[in-house]
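Shown next: data_19.pdb, given as PDB, C-alpha atoms.
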ATOM      1  CA  MET A   1       0.000   0.000   0.000
ATOM      2  CA  GLY A   2       1.321   3.456  -0.933
ATOM      3  CA  GLY A   3       1.746   6.281   1.458
ATOM      4  CA  SER A   4      -1.255   8.192   0.171
ATOM      5  CA  TYR A   5      -3.927   9.016   2.699
ATOM      6  CA  PRO A   6      -7.282   7.297   2.070
ATOM      7  CA  CYS A   7     -10.057   9.529   0.720
ATOM      8  CA  GLY A   8     -13.239  10.142   2.673
ATOM      9  CA  SER A   9     -15.030   7.230   1.067
ATOM     10  CA  CYS A  10     -12.281   4.651   1.462
ATOM     11  CA  LYS A  11     -11.881   5.752   5.057
ATOM     12  CA  LEU A  12     -15.537   5.084   5.731
ATOM     13  CA  LEU A  13     -15.524   1.853   3.775
ATOM     14  CA  ARG A  14     -12.283   0.834   5.468
ATOM     15  CA  ARG A  15     -10.483  -0.167   2.382
ATOM     16  CA  ARG A  16      -7.310   0.652   0.555
ATOM     17  CA  CYS A  17      -7.594   3.865  -1.429
ATOM     18  CA  ALA A  18      -6.350   3.045  -4.914
ATOM     19  CA  LYS A  19      -4.449   5.586  -6.968
ATOM     20  CA  ASP A  20      -7.337   5.727  -9.438
ATOM     21  CA  CYS A  21     -10.059   5.661  -6.776
ATOM     22  CA  ILE A  22     -13.162   7.100  -8.447
ATOM     23  CA  PHE A  23     -14.319   8.775  -5.235
ATOM     24  CA  ALA A  24     -11.052  10.377  -4.172
ATOM     25  CA  PRO A  25     -11.285  13.617  -6.209
ATOM     26  CA  TYR A  26     -14.745  14.383  -4.833
ATOM     27  CA  PHE A  27     -14.749  13.052  -1.286
ATOM     28  CA  PRO A  28     -11.745  14.418   0.562
ATOM     29  CA  SER A  29     -10.692  12.826   3.827
ATOM     30  CA  ASP A  30     -11.245  16.061   5.762
ATOM     31  CA  ASP A  31     -14.988  15.984   5.051
ATOM     32  CA  PRO A  32     -16.178  12.538   6.134
ATOM     33  CA  HIS A  33     -19.791  13.655   6.400
ATOM     34  CA  LYS A  34     -19.987  14.307   2.681
ATOM     35  CA  PHE A  35     -19.495  10.689   1.675
ATOM     36  CA  ALA A  36     -21.318   9.346   4.703
ATOM     37  CA  ILE A  37     -24.564  11.003   3.737
ATOM     38  CA  VAL A  38     -24.356   9.998   0.085
ATOM     39  CA  HIS A  39     -23.530   6.430   1.101
ATOM     40  CA  LYS A  40     -26.457   6.373   3.507
ATOM     41  CA  VAL A  41     -29.020   7.448   0.913
ATOM     42  CA  PHE A  42     -27.706   6.051  -2.354
ATOM     43  CA  GLY A  43     -25.134   3.435  -1.396
ATOM     44  CA  SER A  44     -21.480   3.525  -2.396
ATOM     45  CA  SER A  45     -21.786   1.061  -5.263
ATOM     46  CA  ASN A  46     -24.690   2.995  -6.825
ATOM     47  CA  VAL A  47     -22.717   6.236  -6.545
ATOM     48  CA  SER A  48     -19.674   4.571  -8.062
ATOM     49  CA  LYS A  49     -21.747   3.272 -10.998
ATOM     50  CA  MET A  50     -23.346   6.707 -11.519
ATOM     51  CA  LEU A  51     -19.951   8.414 -11.585
ATOM     52  CA  GLN A  52     -18.447   5.817 -13.886
ATOM     53  CA  GLU A  53     -21.193   6.455 -16.421
ATOM     54  CA  LEU A  54     -20.361  10.158 -16.561
ATOM     55  CA  PRO A  55     -17.527  11.943 -18.340
ATOM     56  CA  ILE A  56     -14.909  13.160 -15.866
ATOM     57  CA  HIS A  57     -15.699  16.855 -16.320
ATOM     58  CA  GLN A  58     -19.292  16.288 -15.119
ATOM     59  CA  ARG A  59     -18.558  14.198 -12.065
ATOM     60  CA  ALA A  60     -17.920  17.055  -9.659
ATOM     61  CA  ASP A  61     -21.318  18.589 -10.392
ATOM     62  CA  ALA A  62     -22.964  15.179 -10.139
ATOM     63  CA  VAL A  63     -21.422  14.673  -6.692
ATOM     64  CA  SER A  64     -22.563  18.132  -5.589
ATOM     65  CA  SER A  65     -26.132  17.416  -6.627
ATOM     66  CA  LEU A  66     -26.080  13.953  -5.035
ATOM     67  CA  VAL A  67     -24.862  15.430  -1.761
ATOM     68  CA  TYR A  68     -27.586  18.079  -1.897
ATOM     69  CA  GLU A  69     -30.239  15.488  -2.641
ATOM     70  CA  ALA A  70     -28.998  13.157   0.077
ATOM     71  CA  ASN A  71     -29.023  15.973   2.634
ATOM     72  CA  ALA A  72     -32.580  16.863   1.680
ATOM     73  CA  ARG A  73     -33.637  13.224   1.991
ATOM     74  CA  VAL A  74     -32.064  12.842   5.428
ATOM     75  CA  ARG A  75     -33.631  16.074   6.718
ATOM     76  CA  ASP A  76     -37.016  15.214   5.216
ATOM     77  CA  PRO A  77     -37.297  11.443   4.835
ATOM     78  CA  VAL A  78     -40.769  11.691   3.293
ATOM     79  CA  TYR A  79     -40.434  14.390   0.645
ATOM     80  CA  GLY A  80     -36.719  15.019   0.264
ATOM     81  CA  CYS A  81     -35.967  17.358  -2.641
ATOM     82  CA  VAL A  82     -39.448  16.938  -4.029
ATOM     83  CA  GLY A  83     -40.835  19.045  -1.193
ATOM     84  CA  ALA A  84     -38.622  21.913  -2.287
ATOM     85  CA  ILE A  85     -39.748  21.516  -5.890
ATOM     86  CA  SER A  86     -43.396  21.615  -4.872
ATOM     87  CA  HIS A  87     -42.857  24.695  -2.737
ATOM     88  CA  LEU A  88     -40.942  26.514  -5.464
ATOM     89  CA  GLN A  89     -43.574  25.641  -8.066
ATOM     90  CA  ASN A  90     -46.186  27.220  -5.808
ATOM     91  CA  GLN A  91     -44.051  30.346  -5.550
ATOM     92  CA  VAL A  92     -43.730  30.505  -9.321
ATOM     93  CA  SER A  93     -47.511  30.105  -9.688
ATOM     94  CA  GLN A  94     -48.187  32.885  -7.210
ATOM     95  CA  LEU A  95     -45.744  35.222  -8.890
ATOM     96  CA  GLN A  96     -47.184  34.513 -12.310
ATOM     97  CA  MET A  97     -50.686  35.202 -11.002
ATOM     98  CA  GLN A  98     -49.516  38.540  -9.596
ATOM     99  CA  LEU A  99     -47.811  39.299 -12.891
ATOM    100  CA  ALA A 100     -50.967  38.470 -14.829
ATOM    101  CA  VAL A 101     -52.999  40.820 -12.633
ATOM    102  CA  ALA A 102     -50.483  43.624 -13.070
ATOM    103  CA  GLN A 103     -50.340  43.081 -16.817
ATOM    104  CA  ALA A 104     -54.128  43.115 -16.991
ATOM    105  CA  GLU A 105     -54.110  46.477 -15.255
ATOM    106  CA  ILE A 106     -51.600  47.821 -17.780
ATOM    107  CA  LEU A 107     -53.726  46.516 -20.624
ATOM    108  CA  CYS A 108     -56.784  48.170 -19.128
ATOM    109  CA  ILE A 109     -54.944  51.474 -18.876
ATOM    110  CA  GLN A 110     -53.757  51.193 -22.460
ATOM    111  CA  MET A 111     -57.255  50.409 -23.660
ATOM    112  CA  HIS A 112     -58.604  53.487 -21.913
ATOM    113  CA  GLN A 113     -55.835  55.666 -23.222
ATOM    114  CA  ASP A 114     -56.287  54.532 -26.788
ATOM    115  CA  PRO A 115     -59.952  54.729 -27.701
ATOM    116  CA  THR A 116     -59.279  53.370 -31.189
ATOM    117  CA  LEU A 117     -58.749  49.918 -29.748
ATOM    118  CA  PRO A 118     -61.889  47.746 -30.137
ATOM    119  CA  THR A 119     -63.736  48.046 -26.837
ATOM    120  CA  HIS A 120     -66.133  45.150 -27.344
ATOM    121  CA  GLN A 121     -63.249  42.805 -26.625
ATOM    122  CA  ILE A 122     -62.737  44.260 -23.206
ATOM    123  CA  ASP A 123     -64.398  42.225 -20.494
ATOM    124  CA  SER A 124     -65.331  43.828 -17.238
ATOM    125  CA  ASP A 125     -62.722  41.557 -15.749
ATOM    126  CA  ASN A 126     -59.655  42.067 -17.914
ATOM    127  CA  LYS A 127     -57.747  39.621 -15.834
ATOM    128  CA  SER A 128     -59.512  36.748 -17.508
ATOM    129  CA  LEU A 129     -58.377  38.073 -20.887
ATOM    130  CA  LEU A 130     -54.765  37.817 -19.943
ATOM    131  CA  LEU A 131     -55.150  34.668 -17.954
ATOM    132  CA  LEU A 132     -56.170  32.875 -21.105
ATOM    133  CA  HIS A 133     -52.919  33.858 -22.730
ATOM    134  CA  ASN A 134     -50.752  33.424 -19.762
ATOM    135  CA  ASN A 135     -48.928  30.163 -19.468
ATOM    136  CA  HIS A 136     -49.403  29.860 -15.758
ATOM    137  CA  ASN A 137     -52.762  28.235 -16.347
ATOM    138  CA  ASN A 138     -50.907  25.447 -18.049
ATOM    139  CA  LEU A 139     -48.424  24.940 -15.249
ATOM    140  CA  PRO A 140     -48.465  21.222 -14.782
ATOM    141  CA  GLN A 141     -49.372  20.120 -11.327
ATOM    142  CA  HIS A 142     -46.745  17.379 -11.224
ATOM    143  CA  LEU A 143     -46.829  17.078  -7.563
ATOM    144  CA  ASN A 144     -50.104  16.491  -5.861
ATOM    145  CA  PHE A 145     -49.864  15.301  -2.337
ATOM    146  CA  THR A 146     -53.535  15.510  -1.500
ATOM    147  CA  SER A 147     -54.051  11.910  -2.426
ATOM    148  CA  PRO A 148     -51.497   9.410  -1.172
ATOM    149  CA  SER A 149     -52.174   7.103  -4.053
ATOM    150  CA  ASN A 150     -51.763   9.842  -6.648
ATOM    151  CA  VAL A 151     -48.573   9.016  -8.423
ATOM    152  CA  ILE A 152     -46.630  12.042  -9.502
ATOM    153  CA  GLN A 153     -47.730  12.545 -13.047
ATOM    154  CA  ASP A 154     -45.195  12.632 -15.798
ATOM    155  CA  PRO A 155     -42.316  13.936 -13.762
ATOM    156  CA  LEU A 156     -40.236  14.644 -16.778
ATOM    157  CA  LYS A 157     -42.320  17.349 -18.484
ATOM    158  CA  ARG A 158     -39.700  19.886 -17.612
ATOM    159  CA  GLU A 159     -40.151  21.998 -20.707
ATOM    160  CA  SER A 160     -43.612  23.002 -19.646
ATOM    161  CA  LEU A 161     -42.517  24.218 -16.209
ATOM    162  CA  TRP A 162     -41.471  27.454 -17.749
ATOM    163  CA  THR A 163     -41.948  29.247 -21.019
TER     164      THR A 163
ATOM    165  CA  MET B   1     -47.421 -17.401  -1.997
ATOM    166  CA  SER B   2     -48.239 -17.588  -5.672
ATOM    167  CA  TYR B   3     -45.499 -16.168  -7.872
ATOM    168  CA  SER B   4     -48.089 -14.451 -10.023
ATOM    169  CA  THR B   5     -48.912 -12.070  -7.166
ATOM    170  CA  ARG B   6     -45.345 -10.920  -6.517
ATOM    171  CA  CYS B   7     -44.842  -7.186  -6.371
ATOM    172  CA  ALA B   8     -42.488  -5.510  -8.826
ATOM    173  CA  ALA B   9     -39.731  -5.357  -6.215
ATOM    174  CA  CYS B  10     -39.804  -9.046  -5.373
ATOM    175  CA  LYS B  11     -40.116  -9.950  -9.040
ATOM    176  CA  SER B  12     -37.034  -7.886  -9.798
ATOM    177  CA  LEU B  13     -35.155  -9.313  -6.827
ATOM    178  CA  ARG B  14     -36.311 -12.808  -7.748
ATOM    179  CA  ARG B  15     -37.605 -13.655  -4.357
ATOM    180  CA  ARG B  16     -40.781 -14.747  -2.736
ATOM    181  CA  CYS B  17     -43.157 -11.887  -1.981
ATOM    182  CA  PRO B  18     -44.404 -12.293   1.577
ATOM    183  CA  GLN B  19     -47.806 -11.126   2.785
ATOM    184  CA  ASP B  20     -46.192  -8.315   4.747
ATOM    185  CA  CYS B  21     -43.760  -7.264   2.014
ATOM    186  CA  ILE B  22     -42.931  -3.651   2.849
ATOM    187  CA  LEU B  23     -42.416  -2.687  -0.782
ATOM    188  CA  ALA B  24     -45.490  -4.352  -2.285
ATOM    189  CA  PRO B  25     -48.034  -1.575  -1.616
ATOM    190  CA  TYR B  26     -45.849   1.004  -3.389
ATOM    191  CA  PHE B  27     -44.293  -0.970  -6.209
ATOM    192  CA  PRO B  28     -47.084  -2.904  -7.878
ATOM    193  CA  SER B  29     -46.304  -5.591 -10.424
ATOM    194  CA  ASN B  30     -48.004  -3.631 -13.214
ATOM    195  CA  ASP B  31     -45.322  -0.917 -13.073
ATOM    196  CA  PRO B  32     -41.945  -2.622 -13.132
ATOM    197  CA  GLN B  33     -40.184   0.528 -14.356
ATOM    198  CA  ARG B  34     -41.051   2.369 -11.162
ATOM    199  CA  PHE B  35     -39.150  -0.065  -8.975
ATOM    200  CA  ALA B  36     -36.388  -0.510 -11.525
ATOM    201  CA  SER B  37     -35.520   3.185 -11.409
ATOM    202  CA  VAL B  38     -35.665   3.369  -7.605
ATOM    203  CA  GLN B  39     -33.501   0.276  -7.370
ATOM    204  CA  LYS B  40     -30.973   1.722  -9.789
ATOM    205  CA  ILE B  41     -30.573   5.000  -7.921
ATOM    206  CA  PHE B  42     -31.242   4.198  -4.271
ATOM    207  CA  GLY B  43     -30.855   0.437  -4.182
ATOM    208  CA  ALA B  44     -33.422  -2.049  -2.925
ATOM    209  CA  SER B  45     -32.142  -2.277   0.625
ATOM    210  CA  ASN B  46     -31.808   1.521   1.056
ATOM    211  CA  THR B  47     -35.339   1.928  -0.241
ATOM    212  CA  THR B  48     -36.580  -0.646   2.224
ATOM    213  CA  LYS B  49     -34.672   0.982   5.089
ATOM    214  CA  ILE B  50     -36.011   4.451   4.269
ATOM    215  CA  LEU B  51     -39.600   3.201   4.139
ATOM    216  CA  GLN B  52     -39.233   1.076   7.256
ATOM    217  CA  GLN B  53     -38.173   4.117   9.257
ATOM    218  CA  LEU B  54     -41.371   5.955   8.364
ATOM    219  CA  PRO B  55     -44.847   5.568   9.832
ATOM    220  CA  VAL B  56     -47.084   3.583   7.503
ATOM    221  CA  HIS B  57     -49.280   6.558   6.554
ATOM    222  CA  GLN B  58     -46.271   8.423   5.151
ATOM    223  CA  ARG B  59     -44.747   5.624   3.125
ATOM    224  CA  ALA B  60     -46.840   6.048  -0.015
ATOM    225  CA  GLU B  61     -45.766   9.661  -0.469
ATOM    226  CA  ALA B  62     -42.171   8.810   0.358
ATOM    227  CA  ALA B  63     -42.226   6.077  -2.292
ATOM    228  CA  ASP B  64     -43.745   8.512  -4.811
ATOM    229  CA  CYS B  65     -41.059  11.090  -4.075
ATOM    230  CA  MET B  66     -38.237   8.579  -4.301
ATOM    231  CA  SER B  67     -39.663   7.349  -7.584
ATOM    232  CA  PHE B  68     -39.752  10.920  -8.905
ATOM    233  CA  GLU B  69     -36.193  11.604  -7.770
ATOM    234  CA  ALA B  70     -34.952   8.372  -9.284
ATOM    235  CA  ALA B  71     -36.658   9.102 -12.616
ATOM    236  CA  SER B  72     -35.185  12.623 -12.599
ATOM    237  CA  ARG B  73     -31.726  11.282 -11.872
ATOM    238  CA  ILE B  74     -31.976   8.753 -14.695
ATOM    239  CA  GLN B  75     -33.090  11.426 -17.119
ATOM    240  CA  ASP B  76     -30.439  13.861 -15.913
ATOM    241  CA  PRO B  77     -27.567  11.870 -14.435
ATOM    242  CA  VAL B  78     -25.584  14.999 -13.535
ATOM    243  CA  TYR B  79     -28.149  17.148 -11.737
ATOM    244  CA  GLY B  80     -31.189  14.972 -11.159
ATOM    245  CA  CYS B  81     -34.023  16.861  -9.512
ATOM    246  CA  VAL B  82     -31.562  19.425  -8.145
ATOM    247  CA  GLY B  83     -31.519  20.723 -11.702
ATOM    248  CA  ILE B  84     -35.251  21.355 -11.465
ATOM    249  CA  ILE B  85     -34.772  23.231  -8.182
ATOM    250  CA  SER B  86     -32.067  25.365  -9.734
ATOM    251  CA  GLN B  87     -34.203  26.202 -12.732
ATOM    252  CA  LEU B  88     -37.202  27.043 -10.556
ATOM    253  CA  HIS B  89     -35.039  29.438  -8.549
ATOM    254  CA  GLN B  90     -34.043  31.080 -11.795
ATOM    255  CA  GLN B  91     -37.637  31.267 -12.953
ATOM    256  CA  ILE B  92     -38.619  32.922  -9.675
ATOM    257  CA  LEU B  93     -35.931  35.562 -10.114
ATOM    258  CA  THR B  94     -36.984  36.232 -13.699
ATOM    259  CA  THR B  95     -40.670  36.503 -12.819
ATOM    260  CA  GLN B  96     -39.925  38.708  -9.811
ATOM    261  CA  HIS B  97     -37.970  41.027 -12.059
ATOM    262  CA  GLU B  98     -40.746  41.158 -14.634
ATOM    263  CA  LEU B  99     -43.310  41.807 -11.903
ATOM    264  CA  ALA B 100     -41.201  44.593 -10.447
ATOM    265  CA  MET B 101     -40.911  46.245 -13.849
ATOM    266  CA  THR B 102     -44.655  45.953 -14.463
ATOM    267  CA  GLN B 103     -45.467  47.352 -11.038
ATOM    268  CA  ALA B 104     -43.043  50.204 -11.631
ATOM    269  CA  GLN B 105     -44.839  50.954 -14.896
ATOM    270  CA  LEU B 106     -48.143  51.039 -13.062
ATOM    271  CA  ALA B 107     -46.727  53.240 -10.324
ATOM    272  CA  PHE B 108     -45.402  55.652 -12.921
ATOM    273  CA  HIS B 109     -48.733  55.764 -14.712
ATOM    274  CA  TYR B 110     -50.735  56.419 -11.539
ATOM    275  CA  ALA B 111     -48.261  59.069 -10.500
ATOM    276  CA  GLN B 112     -48.660  60.777 -13.866
ATOM    277  CA  GLN B 113     -52.447  60.513 -13.664
ATOM    278  CA  GLU B 114     -52.577  62.141 -10.289
ATOM    279  CA  THR B 115     -50.352  64.969 -11.414
ATOM    280  CA  GLN B 116     -52.528  65.593 -14.429
ATOM    281  CA  GLN B 117     -55.772  65.446 -12.480
ATOM    282  CA  GLU B 118     -54.808  67.485  -9.440
ATOM    283  CA  ARG B 119     -51.951  69.584 -10.843
ATOM    284  CA  ARG B 120     -49.875  69.276  -7.758
ATOM    285  CA  ILE B 121     -46.662  67.515  -6.864
ATOM    286  CA  MET B 122     -47.225  64.105  -5.429
ATOM    287  CA  THR B 123     -45.812  63.780  -1.979
ATOM    288  CA  GLN B 124     -46.846  60.237  -1.523
ATOM    289  CA  SER B 125     -47.228  57.509  -4.072
ATOM    290  CA  GLN B 126     -50.409  55.454  -3.848
ATOM    291  CA  VAL B 127     -48.675  52.450  -5.131
ATOM    292  CA  GLN B 128     -45.822  51.522  -2.942
ATOM    293  CA  TYR B 129     -42.971  49.965  -4.755
ATOM    294  CA  ASP B 130     -40.724  48.149  -2.350
ATOM    295  CA  GLY B 131     -38.877  46.039  -4.846
ATOM    296  CA  PRO B 132     -39.089  42.347  -5.544
ATOM    297  CA  SER B 133     -38.797  41.209  -1.964
ATOM    298  CA  SER B 134     -42.243  42.530  -1.095
ATOM    299  CA  TRP B 135     -43.998  40.310  -3.603
ATOM    300  CA  PHE B 136     -43.459  37.334  -1.377
ATOM    301  CA  ASP B 137     -45.479  36.737   1.687
ATOM    302  CA  PRO B 138     -42.793  37.090   4.357
ATOM    303  CA  ASN B 139     -44.812  34.898   6.661
ATOM    304  CA  GLN B 140     -44.787  31.994   4.267
ATOM    305  CA  LYS B 141     -42.694  29.329   5.811
ATOM    306  CA  GLU B 142     -40.141  27.702   3.557
ATOM    307  CA  PRO B 143     -39.096  24.110   4.013
ATOM    308  CA  PHE B 144     -36.113  24.158   6.294
ATOM    309  CA  TYR B 145     -33.867  22.503   3.759
ATOM    310  CA  LEU B 146     -34.202  25.499   1.461
ATOM    311  CA  ASP B 147     -31.741  27.055   3.896
ATOM    312  CA  GLN B 148     -29.289  24.735   2.265
ATOM    313  CA  PRO B 149     -27.715  26.803  -0.528
ATOM    314  CA  LEU B 150     -27.578  25.231  -3.926
ATOM    315  CA  PRO B 151     -24.161  23.862  -4.818
ATOM    316  CA  ASP B 152     -21.819  25.963  -6.945
ATOM    317  CA  PHE B 153     -22.009  23.938 -10.087
ATOM    318  CA  HIS B 154     -19.137  24.130 -12.528
ATOM    319  CA  GLN B 155     -21.693  24.030 -15.276
ATOM    320  CA  PRO B 156     -25.091  25.467 -14.316
ATOM    321  CA  PRO B 157     -27.996  23.129 -15.016
ATOM    322  CA  GLY B 158     -29.435  24.094 -18.352
ATOM    323  CA  PHE B 159     -32.890  23.669 -19.785
ATOM    324  CA  LEU B 160     -33.414  20.222 -21.193
TER     325      LEU B 160
END
What is this structure when it is put down as structure tokens?
Amino acid sequence: MGGSYPCGSCKLLRRRCAKDCIFAPYFPSDDPHKFAIVHKVFGSSNVSKMLQELPIHQRADAVSSLVYEANARVRDPVYGCVGAISHLQNQVSQLQMQLAVAQAEILCIQMHQDPTLPTHQIDSDNKSLLLLHNNHNNLPQHLNFTSPSNVIQDPLKRESLWT
Amino acid sequence: MSYSTRCAACKSLRRRCPQDCILAPYFPSNDPQRFASVQKIFGASNTTKILQQLPVHQRAEAADCMSFEAASRIQDPVYGCVGIISQLHQQILTTQHELAMTQAQLAFHYAQQETQQERRIMTQSQVQYDGPSSWFDPNQKEPFYLDQPLPDFHQPPGFL
């Protein structure tokens, strides 16, 4: 065995840290918690496989996101990261609603300022006019926790989360 | 136990599916992909451990969330669902900015209107513009793990 100090993962796994250890660049020995949490949630062999399937220049970011996800899962064993996604989606929805209301007000003002615009198209509630054109109505409700049996629908429709 | 009633997990693990199989309620045999992705990312025994540590009434949602995270990680092996979080943060910033601009436009218009109608200098705007931070409800409680800052990615997660 060489004189090199084992990385954080080999230390935890109590094994020799090879020169080409896949974990060593990302799990230093001075931060044992980092590997511990990833190992707890994903398992070392799963993490190793995931890293092996990635080009080297993407592995650091992959480790960062795995650590983040593992931390979220440990702190919230039920929802993990998905709780954050749901919360942020609600924030986006609220903001887009507020934006739609503000834009409807602007439209109303413009309509009043320019009498040449066709008035029969103006509803008493201009908000509904803009709401129809605003994408927030189409925000997919991926995550519905009201029904325990409701499987998260089509989790991969990411394009429609934002315009 | 008849093999035809094995859950997806036990089928995949090639084992007998007992009556009290902890995974069976959440990984039915008619959706083998759901367990396959969870097994690939979390592993069967980790999944079992995580569910075992939860009260029964919370396990269905935990299984749903793990399934979502696993599917996200398979689709995006670098960022997984953290990529979604990052992009949502960005979308919030963009929408906040747009809302601030629109509100500023409104404030300007109302200020102009008042000047024209009353012919006096406004000392107080009717529409208070406090900047983007006021559009959020400050009392809205965020999940505690949002205190955890997003990692500094070398390459920011892009739109897929």
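The spacing separating atom CA of B:Ala8 from atom CA of A:Met50 amounts to 22.9 Å.
In this structure, atom CA of B:Thr5 sits 15.6 Å away from atom CA of B:Phe35.
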Fill in: Chain and number of each residue from the PyMOL selection byres ((chain B and resi 57-65) around 6), as a ChimeraX atom specification
/A:78-79,148 /B:51,55-56,66-68
Item to complete: Work out how far atom CA of B:Pro151 is from atom CA of A:Lys11, in Å to one decimal.
Response: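 These atoms are spaced 24.0 Å apart.
Using only C-alpha atoms, the protein and nucleic acid residues lying no more than 8 Å from stretch 11-23 of chain B, apart from those fewer than 4 places from it along its own chain, are Met1, Tyr3, Thr5, Arg6, Cys7, Phe27, Ser29, Pro32, Ala36, Thr48, Leu51 and Gln52 of chain B.
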Just C-alpha atoms for this one: save the residues we selected as a tab-separated table (two decimals), in the frame of the given file.
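The resulting file, out.tsv, is reproduced below:
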chain	number	residue	atom	x	y	z
B	1	MET	CA	-47.42	-17.40	-2.00
B	3	TYR	CA	-45.50	-16.17	-7.87
B	5	THR	CA	-48.91	-12.07	-7.17
B	6	ARG	CA	-45.34	-10.92	-6.52
B	7	CYS	CA	-44.84	-7.19	-6.37
B	27	PHE	CA	-44.29	-0.97	-6.21
B	29	SER	CA	-46.30	-5.59	-10.42
B	32	PRO	CA	-41.94	-2.62	-13.13
B	36	ALA	CA	-36.39	-0.51	-11.52
B	48	THR	CA	-36.58	-0.65	2.22
B	51	LEU	CA	-39.60	3.20	4.14
B	52	GLN	CA	-39.23	1.08	7.26
Export stretch 16-30 of chain B, N, CA, C and O atoms, as a short mmCIF file (atom, residue, chain, number, x, y, z; two decimals), in the first residue's frame; it's the structure right above.
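Below is the file that was written, part_0.cif:
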data_model
loop_
_atom_site.label_atom_id
_atom_site.label_comp_id
_atom_site.auth_asym_id
_atom_site.auth_seq_id
_atom_site.Cartn_x
_atom_site.Cartn_y
_atom_site.Cartn_z
N ARG B 16 -39.39 -14.57 -3.12
CA ARG B 16 -40.78 -14.75 -2.74
C ARG B 16 -41.31 -13.43 -2.19
O ARG B 16 -40.59 -12.69 -1.52
N CYS B 17 -42.55 -13.13 -2.46
CA CYS B 17 -43.16 -11.89 -1.98
C CYS B 17 -44.07 -12.21 -0.79
O CYS B 17 -45.17 -12.73 -0.96
N PRO B 18 -43.59 -11.91 0.41
CA PRO B 18 -44.40 -12.29 1.58
C PRO B 18 -45.65 -11.42 1.71
O PRO B 18 -45.74 -10.36 1.10
N GLN B 19 -46.55 -11.87 2.55
CA GLN B 19 -47.81 -11.13 2.78
C GLN B 19 -47.53 -9.71 3.29
O GLN B 19 -48.24 -8.77 2.96
N ASP B 20 -46.50 -9.61 4.13
CA ASP B 20 -46.19 -8.32 4.75
C ASP B 20 -45.02 -7.62 4.04
O ASP B 20 -44.30 -6.84 4.67
N CYS B 21 -44.86 -7.90 2.75
CA CYS B 21 -43.76 -7.26 2.01
C CYS B 21 -43.89 -5.75 2.12
O CYS B 21 -44.91 -5.17 1.76
N ILE B 22 -42.85 -5.09 2.61
CA ILE B 22 -42.93 -3.65 2.85
C ILE B 22 -43.00 -2.87 1.54
O ILE B 22 -43.56 -1.77 1.49
N LEU B 23 -42.47 -3.43 0.47
CA LEU B 23 -42.42 -2.69 -0.78
C LEU B 23 -43.67 -2.90 -1.64
O LEU B 23 -43.97 -2.07 -2.51
N ALA B 24 -44.38 -3.98 -1.40
CA ALA B 24 -45.49 -4.35 -2.28
C ALA B 24 -46.56 -3.27 -2.47
O ALA B 24 -47.02 -3.05 -3.59
N PRO B 25 -46.96 -2.58 -1.41
CA PRO B 25 -48.03 -1.58 -1.62
C PRO B 25 -47.62 -0.43 -2.53
O PRO B 25 -48.46 0.26 -3.10
N TYR B 26 -46.32 -0.20 -2.69
CA TYR B 26 -45.85 1.00 -3.39
C TYR B 26 -45.18 0.69 -4.72
O TYR B 26 -44.90 1.59 -5.51
N PHE B 27 -44.94 -0.56 -4.96
CA PHE B 27 -44.29 -0.97 -6.21
C PHE B 27 -45.06 -2.15 -6.80
O PHE B 27 -44.62 -3.30 -6.73
N PRO B 28 -46.23 -1.82 -7.37
CA PRO B 28 -47.08 -2.90 -7.88
C PRO B 28 -46.46 -3.58 -9.10
O PRO B 28 -45.66 -2.97 -9.82
N SER B 29 -46.90 -4.80 -9.34
CA SER B 29 -46.30 -5.59 -10.42
C SER B 29 -46.62 -5.02 -11.80
O SER B 29 -45.91 -5.32 -12.77
N ASN B 30 -47.66 -4.16 -11.89
CA ASN B 30 -48.00 -3.63 -13.21
C ASN B 30 -47.16 -2.41 -13.60
O ASN B 30 -47.37 -1.82 -14.66
#
